[in-house]
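Notes follow once the structure below has been shown.
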Amino acid sequence: MQNPNITILQTDILSDNWYTLNKVTFNILKKDGTTETQSREAYDRGNGAVILLYNNVSNSVILTRQFRLPTYINGNTTGMLIEACAGLLDNDNPEDCIKRETEEETGYKISKVEKVFEAYMSPGSVTEILYFFIAEYSQDMKINSGGGLEEEGENIEVLELSFDEALTMIDKGEIKDAKTIMLLQHLRIKGIL
Ligand SMILES: Nc1nc2c(ncn2[C@@H]2O[C@H](COP(=O)(O)OP(=O)(O)O[C@H]3O[C@H](CO)[C@@H](O)[C@H](O)[C@@H]3O)[C@@H](O)[C@H]2O)c(=O)[nH]1
Ligand SMILES: [Mg+2]
């Protein structure tokens, strides 16, 4: 943190039940030379990684479907959400994390991944930075049925979709997850599929 116009004064934990909700009070030096004290809440769940698996022979991608409570209480009728495979870093680096998550959630064991970009997904409220990857998959990499970790209560369905169908699902509002849309569009923009 090295912005000379910002001075952090105080951080209060509002909740640390599962992840941490902080309230941060800081001084901000404004353009007119005056200083203002502000407070902002920031939800810290750590950082994450996401990957889109693709096959350019069958022109297909691997996605997941799972229940996402925050969407259920905000307009998603079934709460089920189609997403690229993703997970929180815990203590791993992004590349190791996404290889582990890919095996747990989709059942594919991948060794080569390509990092494409990184992005803050909700910069006004959530601290998380998300690392974006793509990787080729093939049937011989499938070593289990995926589905996520039973002990974490994960119950993840694995979907193999044609790339064109996945793009059409964005247009129809059937894929509504930002990281997934970003990666599908990346494959199209870069001419990878
Ligand atoms: N008990 C409990 N479990 C929780 C809570 N919040 C999350 N979990 C569980 O913690 C596990 C985290 O699974 P991961 O696969 O590591 O993370 P993710 O939820 O898929 O996160 C990915 O998607 C998010 C949403 O797009 C991203 O924010 C995140 O960076 C990552 O990409 C899941 O089983 C989830 O249900 C909670 O409040 N209580
Ligand atoms: Mg996950």
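Residue numbering restarts at 1 in every chain; chains get A, B, ... in the order shown in the structure tokens, and ligands count up from 1 in that same order.
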Shell of 9 Å around Glu101 of chain A, only C-alpha atoms, local chain residues under 3 positions omitted, as a PDB file with all heavy atoms, in the first residue's frame:
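Saved to out.pdb:
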```
ATOM      1  N   ALA A  49      -8.904 -18.609  -8.148  1.00  0.00           N
ATOM      2  CA  ALA A  49      -8.449 -18.931  -9.505  1.00  0.00           C
ATOM      3  C   ALA A  49      -9.590 -19.624 -10.236  1.00  0.00           C
ATOM      4  O   ALA A  49     -10.414 -20.300  -9.612  1.00  0.00           O
ATOM      5  CB  ALA A  49      -7.218 -19.827  -9.456  1.00  0.00           C
ATOM      6  N   VAL A  50      -9.617 -19.426 -11.549  1.00  0.00           N
ATOM      7  CA  VAL A  50     -10.682 -20.005 -12.377  1.00  0.00           C
ATOM      8  C   VAL A  50     -10.057 -20.507 -13.675  1.00  0.00           C
ATOM      9  O   VAL A  50      -9.064 -19.950 -14.141  1.00  0.00           O
ATOM     10  CB  VAL A  50     -11.811 -18.964 -12.640  1.00  0.00           C
ATOM     11  CG1 VAL A  50     -11.278 -17.688 -13.262  1.00  0.00           C
ATOM     12  CG2 VAL A  50     -12.919 -19.555 -13.477  1.00  0.00           C
ATOM     13  N   CYS A  85     -14.791 -23.939 -13.814  1.00  0.00           N
ATOM     14  CA  CYS A  85     -14.253 -24.494 -12.561  1.00  0.00           C
ATOM     15  C   CYS A  85     -13.404 -23.446 -11.834  1.00  0.00           C
ATOM     16  O   CYS A  85     -12.553 -22.805 -12.448  1.00  0.00           O
ATOM     17  CB  CYS A  85     -13.408 -25.719 -12.929  1.00  0.00           C
ATOM     18  SG  CYS A  85     -12.353 -26.290 -11.600  1.00  0.00           S
ATOM     19  N   ALA A  86     -13.637 -23.293 -10.538  1.00  0.00           N
ATOM     20  CA  ALA A  86     -12.922 -22.251  -9.788  1.00  0.00           C
ATOM     21  C   ALA A  86     -12.777 -22.636  -8.336  1.00  0.00           C
ATOM     22  O   ALA A  86     -13.514 -23.479  -7.827  1.00  0.00           O
ATOM     23  CB  ALA A  86     -13.680 -20.930  -9.889  1.00  0.00           C
ATOM     24  N   GLY A  87     -11.839 -21.984  -7.679  1.00  0.00           N
ATOM     25  CA  GLY A  87     -11.692 -22.240  -6.248  1.00  0.00           C
ATOM     26  C   GLY A  87     -10.876 -21.174  -5.569  1.00  0.00           C
ATOM     27  O   GLY A  87     -10.220 -20.359  -6.225  1.00  0.00           O
ATOM     28  N   LEU A  88     -10.925 -21.192  -4.267  1.00  0.00           N
ATOM     29  CA  LEU A  88     -10.155 -20.238  -3.472  1.00  0.00           C
ATOM     30  C   LEU A  88      -8.729 -20.753  -3.313  1.00  0.00           C
ATOM     31  O   LEU A  88      -8.502 -21.970  -3.241  1.00  0.00           O
ATOM     32  CB  LEU A  88     -10.825 -20.042  -2.115  1.00  0.00           C
ATOM     33  CG  LEU A  88     -12.246 -19.470  -2.218  1.00  0.00           C
ATOM     34  CD1 LEU A  88     -12.961 -19.539  -0.880  1.00  0.00           C
ATOM     35  CD2 LEU A  88     -12.208 -18.038  -2.732  1.00  0.00           C
ATOM     36  N   ASP A  96      -1.076 -23.943  -8.887  1.00  0.00           N
ATOM     37  CA  ASP A  96      -1.292 -25.210  -8.158  1.00  0.00           C
ATOM     38  C   ASP A  96      -2.746 -25.324  -7.718  1.00  0.00           C
ATOM     39  O   ASP A  96      -3.344 -26.399  -7.761  1.00  0.00           O
ATOM     40  CB  ASP A  96      -0.386 -25.286  -6.914  1.00  0.00           C
ATOM     41  CG  ASP A  96       1.071 -25.475  -7.299  1.00  0.00           C
ATOM     42  OD1 ASP A  96       1.323 -25.870  -8.451  1.00  0.00           O
ATOM     43  OD2 ASP A  96       1.938 -25.200  -6.450  1.00  0.00           O
ATOM     44  N   CYS A  97      -3.306 -24.184  -7.282  1.00  0.00           N
ATOM     45  CA  CYS A  97      -4.705 -24.170  -6.838  1.00  0.00           C
ATOM     46  C   CYS A  97      -5.620 -24.631  -7.959  1.00  0.00           C
ATOM     47  O   CYS A  97      -6.481 -25.496  -7.761  1.00  0.00           O
ATOM     48  CB  CYS A  97      -5.098 -22.770  -6.386  1.00  0.00           C
ATOM     49  SG  CYS A  97      -6.879 -22.499  -6.316  1.00  0.00           S
ATOM     50  N   ILE A  98      -5.427 -24.086  -9.144  1.00  0.00           N
ATOM     51  CA  ILE A  98      -6.401 -24.366 -10.199  1.00  0.00           C
ATOM     52  C   ILE A  98      -6.248 -25.788 -10.724  1.00  0.00           C
ATOM     53  O   ILE A  98      -7.233 -26.421 -11.112  1.00  0.00           O
ATOM     54  CB  ILE A  98      -6.375 -23.301 -11.322  1.00  0.00           C
ATOM     55  CG1 ILE A  98      -7.736 -23.260 -12.017  1.00  0.00           C
ATOM     56  CG2 ILE A  98      -5.248 -23.510 -12.315  1.00  0.00           C
ATOM     57  CD1 ILE A  98      -8.910 -22.957 -11.131  1.00  0.00           C
ATOM     58  N   GLU A 104     -10.494 -31.952  -8.519  1.00  0.00           N
ATOM     59  CA  GLU A 104     -11.582 -32.177  -7.544  1.00  0.00           C
ATOM     60  C   GLU A 104     -12.965 -31.948  -8.146  1.00  0.00           C
ATOM     61  O   GLU A 104     -13.890 -32.711  -7.915  1.00  0.00           O
ATOM     62  CB  GLU A 104     -11.435 -31.207  -6.352  1.00  0.00           C
ATOM     63  CG  GLU A 104     -10.364 -31.581  -5.373  1.00  0.00           C
ATOM     64  CD  GLU A 104     -10.147 -30.491  -4.315  1.00  0.00           C
ATOM     65  OE1 GLU A 104     -10.963 -29.530  -4.231  1.00  0.00           O
ATOM     66  OE2 GLU A 104      -9.153 -30.589  -3.600  1.00  0.00           O
ATOM     67  N   GLU A 105     -13.094 -30.860  -8.921  1.00  0.00           N
ATOM     68  CA  GLU A 105     -14.433 -30.466  -9.372  1.00  0.00           C
ATOM     69  C   GLU A 105     -14.834 -31.106 -10.693  1.00  0.00           C
ATOM     70  O   GLU A 105     -16.009 -31.388 -10.905  1.00  0.00           O
ATOM     71  CB  GLU A 105     -14.534 -28.922  -9.486  1.00  0.00           C
ATOM     72  CG  GLU A 105     -14.414 -28.237  -8.133  1.00  0.00           C
ATOM     73  CD  GLU A 105     -14.765 -26.748  -8.172  1.00  0.00           C
ATOM     74  OE1 GLU A 105     -15.053 -26.214  -9.251  1.00  0.00           O
ATOM     75  OE2 GLU A 105     -14.743 -26.127  -7.087  1.00  0.00           O
ATOM     76  N   THR A 106     -13.869 -31.299 -11.611  1.00  0.00           N
ATOM     77  CA  THR A 106     -14.242 -31.823 -12.935  1.00  0.00           C
ATOM     78  C   THR A 106     -13.755 -33.247 -13.179  1.00  0.00           C
ATOM     79  O   THR A 106     -14.215 -33.900 -14.114  1.00  0.00           O
ATOM     80  CB  THR A 106     -13.664 -30.952 -14.080  1.00  0.00           C
ATOM     81  OG1 THR A 106     -12.243 -31.144 -14.141  1.00  0.00           O
ATOM     82  CG2 THR A 106     -13.975 -29.483 -13.882  1.00  0.00           C
ATOM     83  N   GLY A 148     -16.441 -32.330  -6.731  1.00  0.00           N
ATOM     84  CA  GLY A 148     -16.049 -31.549  -5.556  1.00  0.00           C
ATOM     85  C   GLY A 148     -15.877 -32.408  -4.326  1.00  0.00           C
ATOM     86  O   GLY A 148     -16.042 -33.629  -4.366  1.00  0.00           O
TER      87      GLY A 148
END
```
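Counting only C-alpha atoms, segment 172-188 of chain A has the following residues at most 8 Å away, ignoring those fewer than 2 positions along the same chain: Val50, Ile51, Leu52, Leu81, Ile82, Glu83, Ala84, Phe132, Ile134, Ala166, Leu167, Thr168, Met169, Ile170, Lys190, Gly191, Ile192 and Leu193 of chain A.
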Could you write out the selected residues, including N, CA and C atoms, as an mmCIF file, in the first residue's frame?
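Listing of again.cif after writing:
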```cif
data_model
loop_
_atom_site.group_PDB
_atom_site.id
_atom_site.type_symbol
_atom_site.label_atom_id
_atom_site.label_comp_id
_atom_site.auth_asym_id
_atom_site.auth_seq_id
_atom_site.Cartn_x
_atom_site.Cartn_y
_atom_site.Cartn_z
ATOM 1 N N VAL A 50 -9.617 -19.426 -11.549
ATOM 2 C CA VAL A 50 -10.682 -20.005 -12.377
ATOM 3 C C VAL A 50 -10.057 -20.507 -13.675
ATOM 4 N N ILE A 51 -10.660 -21.562 -14.239
ATOM 5 C CA ILE A 51 -10.096 -22.119 -15.472
ATOM 6 C C ILE A 51 -11.201 -22.551 -16.425
ATOM 7 N N LEU A 52 -10.972 -22.307 -17.706
ATOM 8 C CA LEU A 52 -11.869 -22.851 -18.722
ATOM 9 C C LEU A 52 -11.115 -23.942 -19.480
ATOM 10 N N LEU A 81 -26.125 -22.446 -10.718
ATOM 11 C CA LEU A 81 -25.340 -21.547 -11.565
ATOM 12 C C LEU A 81 -24.306 -22.341 -12.365
ATOM 13 N N ILE A 82 -24.236 -22.018 -13.649
ATOM 14 C CA ILE A 82 -23.232 -22.645 -14.519
ATOM 15 C C ILE A 82 -21.976 -21.784 -14.483
ATOM 16 N N GLU A 83 -20.860 -22.432 -14.173
ATOM 17 C CA GLU A 83 -19.604 -21.696 -14.002
ATOM 18 C C GLU A 83 -18.425 -22.484 -14.545
ATOM 19 N N ALA A 84 -17.387 -21.764 -14.924
ATOM 20 C CA ALA A 84 -16.098 -22.415 -15.157
ATOM 21 C C ALA A 84 -15.597 -22.897 -13.795
ATOM 22 N N PHE A 132 -7.075 -15.907 -13.859
ATOM 23 C CA PHE A 132 -7.799 -16.595 -14.936
ATOM 24 C C PHE A 132 -6.865 -17.483 -15.757
ATOM 25 N N ILE A 134 -6.674 -20.883 -18.848
ATOM 26 C CA ILE A 134 -7.309 -21.803 -19.791
ATOM 27 C C ILE A 134 -6.399 -23.023 -19.921
ATOM 28 N N ALA A 166 -22.433 -22.922 -25.617
ATOM 29 C CA ALA A 166 -22.086 -22.117 -24.433
ATOM 30 C C ALA A 166 -22.217 -20.623 -24.750
ATOM 31 N N LEU A 167 -21.747 -20.213 -25.934
ATOM 32 C CA LEU A 167 -21.868 -18.792 -26.300
ATOM 33 C C LEU A 167 -23.337 -18.383 -26.417
ATOM 34 N N THR A 168 -24.159 -19.273 -26.999
ATOM 35 C CA THR A 168 -25.592 -18.975 -27.132
ATOM 36 C C THR A 168 -26.253 -18.856 -25.754
ATOM 37 N N MET A 169 -25.765 -19.668 -24.804
ATOM 38 C CA MET A 169 -26.335 -19.617 -23.450
ATOM 39 C C MET A 169 -26.062 -18.275 -22.764
ATOM 40 N N ILE A 170 -24.960 -17.617 -23.130
ATOM 41 C CA ILE A 170 -24.720 -16.259 -22.598
ATOM 42 C C ILE A 170 -25.803 -15.326 -23.142
ATOM 43 N N LYS A 190 -9.668 -14.395 -29.008
ATOM 44 C CA LYS A 190 -8.301 -14.786 -29.384
ATOM 45 C C LYS A 190 -8.303 -15.849 -30.478
ATOM 46 N N GLY A 191 -9.494 -16.276 -30.904
ATOM 47 C CA GLY A 191 -9.576 -17.269 -31.984
ATOM 48 C C GLY A 191 -9.087 -18.646 -31.566
ATOM 49 N N ILE A 192 -9.171 -18.943 -30.266
ATOM 50 C CA ILE A 192 -8.668 -20.251 -29.783
ATOM 51 C C ILE A 192 -9.671 -21.362 -30.120
ATOM 52 N N LEU A 193 -10.955 -21.039 -30.046
ATOM 53 C CA LEU A 193 -11.992 -22.006 -30.483
ATOM 54 C C LEU A 193 -12.860 -21.315 -31.515
#
```
message = Can you pull out the residues contacting segment 117-127 of chain A? Cut-off 9 Å, using only C-alpha atoms, and skip same-chain residues under 2 positions away; I want them as a PyMOL selection string.
response = chain A and resi 40-47+49+115+129-133+178-179
Requested write-out: N, CA and C atoms of the selected residues, as a PDB file, in the first residue's frame:
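Written file, selection.pdb:
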```
ATOM      1  N   ARG A  40     -15.112   2.411   4.667  1.00  0.00           N
ATOM      2  CA  ARG A  40     -15.665   1.485   3.666  1.00  0.00           C
ATOM      3  C   ARG A  40     -15.588   0.058   4.223  1.00  0.00           C
ATOM      4  N   GLU A  41     -16.620  -0.747   3.924  1.00  0.00           N
ATOM      5  CA  GLU A  41     -16.594  -2.153   4.306  1.00  0.00           C
ATOM      6  C   GLU A  41     -15.954  -2.956   3.176  1.00  0.00           C
ATOM      7  N   ALA A  42     -15.145  -3.931   3.548  1.00  0.00           N
ATOM      8  CA  ALA A  42     -14.469  -4.770   2.542  1.00  0.00           C
ATOM      9  C   ALA A  42     -14.535  -6.223   3.012  1.00  0.00           C
ATOM     10  N   TYR A  43     -15.108  -7.079   2.167  1.00  0.00           N
ATOM     11  CA  TYR A  43     -15.271  -8.492   2.516  1.00  0.00           C
ATOM     12  C   TYR A  43     -14.064  -9.260   1.986  1.00  0.00           C
ATOM     13  N   ASP A  44     -13.345  -9.914   2.896  1.00  0.00           N
ATOM     14  CA  ASP A  44     -12.095 -10.600   2.539  1.00  0.00           C
ATOM     15  C   ASP A  44     -12.290 -12.106   2.602  1.00  0.00           C
ATOM     16  N   ARG A  45     -12.336 -12.739   1.418  1.00  0.00           N
ATOM     17  CA  ARG A  45     -12.453 -14.198   1.350  1.00  0.00           C
ATOM     18  C   ARG A  45     -11.179 -14.796   0.786  1.00  0.00           C
ATOM     19  N   GLY A  46     -10.097 -14.001   0.743  1.00  0.00           N
ATOM     20  CA  GLY A  46      -8.878 -14.447   0.081  1.00  0.00           C
ATOM     21  C   GLY A  46      -9.019 -14.268  -1.420  1.00  0.00           C
ATOM     22  N   ASN A  47      -8.078 -14.854  -2.143  1.00  0.00           N
ATOM     23  CA  ASN A  47      -8.085 -14.733  -3.602  1.00  0.00           C
ATOM     24  C   ASN A  47      -8.472 -16.059  -4.233  1.00  0.00           C
ATOM     25  N   ALA A  49      -8.904 -18.609  -8.148  1.00  0.00           N
ATOM     26  CA  ALA A  49      -8.449 -18.931  -9.505  1.00  0.00           C
ATOM     27  C   ALA A  49      -9.590 -19.624 -10.236  1.00  0.00           C
ATOM     28  N   LYS A 115      -2.005 -18.978 -18.050  1.00  0.00           N
ATOM     29  CA  LYS A 115      -2.626 -17.833 -17.366  1.00  0.00           C
ATOM     30  C   LYS A 115      -2.951 -16.764 -18.413  1.00  0.00           C
ATOM     31  N   ILE A 129      -8.859 -10.861  -5.667  1.00  0.00           N
ATOM     32  CA  ILE A 129      -8.383 -10.821  -7.049  1.00  0.00           C
ATOM     33  C   ILE A 129      -8.461 -12.250  -7.570  1.00  0.00           C
ATOM     34  N   LEU A 130      -8.912 -12.367  -8.822  1.00  0.00           N
ATOM     35  CA  LEU A 130      -9.134 -13.691  -9.401  1.00  0.00           C
ATOM     36  C   LEU A 130      -8.132 -13.885 -10.551  1.00  0.00           C
ATOM     37  N   TYR A 131      -7.464 -15.047 -10.538  1.00  0.00           N
ATOM     38  CA  TYR A 131      -6.473 -15.391 -11.573  1.00  0.00           C
ATOM     39  C   TYR A 131      -7.151 -16.291 -12.597  1.00  0.00           C
ATOM     40  N   PHE A 132      -7.075 -15.907 -13.859  1.00  0.00           N
ATOM     41  CA  PHE A 132      -7.799 -16.595 -14.936  1.00  0.00           C
ATOM     42  C   PHE A 132      -6.865 -17.483 -15.757  1.00  0.00           C
ATOM     43  N   PHE A 133      -7.297 -18.730 -15.966  1.00  0.00           N
ATOM     44  CA  PHE A 133      -6.505 -19.700 -16.735  1.00  0.00           C
ATOM     45  C   PHE A 133      -7.365 -20.357 -17.812  1.00  0.00           C
ATOM     46  N   ALA A 178     -19.882 -13.958 -14.231  1.00  0.00           N
ATOM     47  CA  ALA A 178     -18.947 -13.053 -14.920  1.00  0.00           C
ATOM     48  C   ALA A 178     -17.658 -13.753 -15.339  1.00  0.00           C
ATOM     49  N   LYS A 179     -17.052 -14.515 -14.416  1.00  0.00           N
ATOM     50  CA  LYS A 179     -15.757 -15.121 -14.765  1.00  0.00           C
ATOM     51  C   LYS A 179     -15.902 -16.095 -15.928  1.00  0.00           C
TER      52      LYS A 179
END
```
task = Please report, as JSON, numbers by chain, each residue of segment 83-185 of chain A to which DSSP assigns alpha helix (DSSP H) when run on this structure's backbone.
result = {"A": [94, 95, 96, 97, 98, 99, 100, 101, 102, 103, 104, 105, 106, 163, 164, 165, 166, 167, 168, 169, 170, 171, 178, 179, 180, 181, 182, 183, 184, 185]}
If you keep C-alpha atoms, can you produce a file of those selected residues as a compact mmCIF listing (two decimals), in the first residue's frame?
```
# COMPACT_ATOMS: atom_id res chain seq x y z
CA PRO A 94 -2.81 -19.75 -8.34
CA GLU A 95 -1.45 -22.41 -10.74
CA ASP A 96 -1.29 -25.21 -8.16
CA CYS A 97 -4.71 -24.17 -6.84
CA ILE A 98 -6.40 -24.37 -10.20
CA LYS A 99 -4.87 -27.75 -11.05
CA ARG A 100 -6.12 -29.12 -7.71
CA GLU A 101 -9.59 -27.61 -8.15
CA THR A 102 -9.83 -28.94 -11.72
CA GLU A 103 -9.18 -32.49 -10.51
CA GLU A 104 -11.58 -32.18 -7.54
CA GLU A 105 -14.43 -30.47 -9.37
CA THR A 106 -14.24 -31.82 -12.93
CA PHE A 163 -18.50 -23.98 -27.56
CA ASP A 164 -21.26 -22.53 -29.77
CA GLU A 165 -23.93 -23.72 -27.36
CA ALA A 166 -22.09 -22.12 -24.43
CA LEU A 167 -21.87 -18.79 -26.30
CA THR A 168 -25.59 -18.97 -27.13
CA MET A 169 -26.34 -19.62 -23.45
CA ILE A 170 -24.72 -16.26 -22.60
CA ASP A 171 -27.05 -14.53 -25.09
CA ALA A 178 -18.95 -13.05 -14.92
CA LYS A 179 -15.76 -15.12 -14.77
CA THR A 180 -17.30 -17.75 -17.05
CA ILE A 181 -18.49 -15.18 -19.59
CA MET A 182 -15.04 -13.54 -19.57
CA LEU A 183 -13.26 -16.81 -20.32
CA LEU A 184 -15.71 -17.94 -23.02
CA GLN A 185 -15.33 -14.55 -24.72
```
message = Neighbouring residues of Thr25 of chain A were defined as those with any atom within 12 Å, considering only C-alpha atoms; residues of the same chain fewer than 5 positions away were excluded. Please report them as number ranges by chain.
response = A: 6-13, 36-42
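Using only C-alpha atoms, the smallest distance between any of A:Asp90, A:Phe67, A:Ile189, A:Val61 and Leu159 of chain A comes from A:Val61.
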query = From the list A:Val57, A:Leu29, A:Ile110, A:Leu21, which residue is nearest ligand 1 when using only C-alpha atoms and all ligand atoms?
reply = A:Leu21
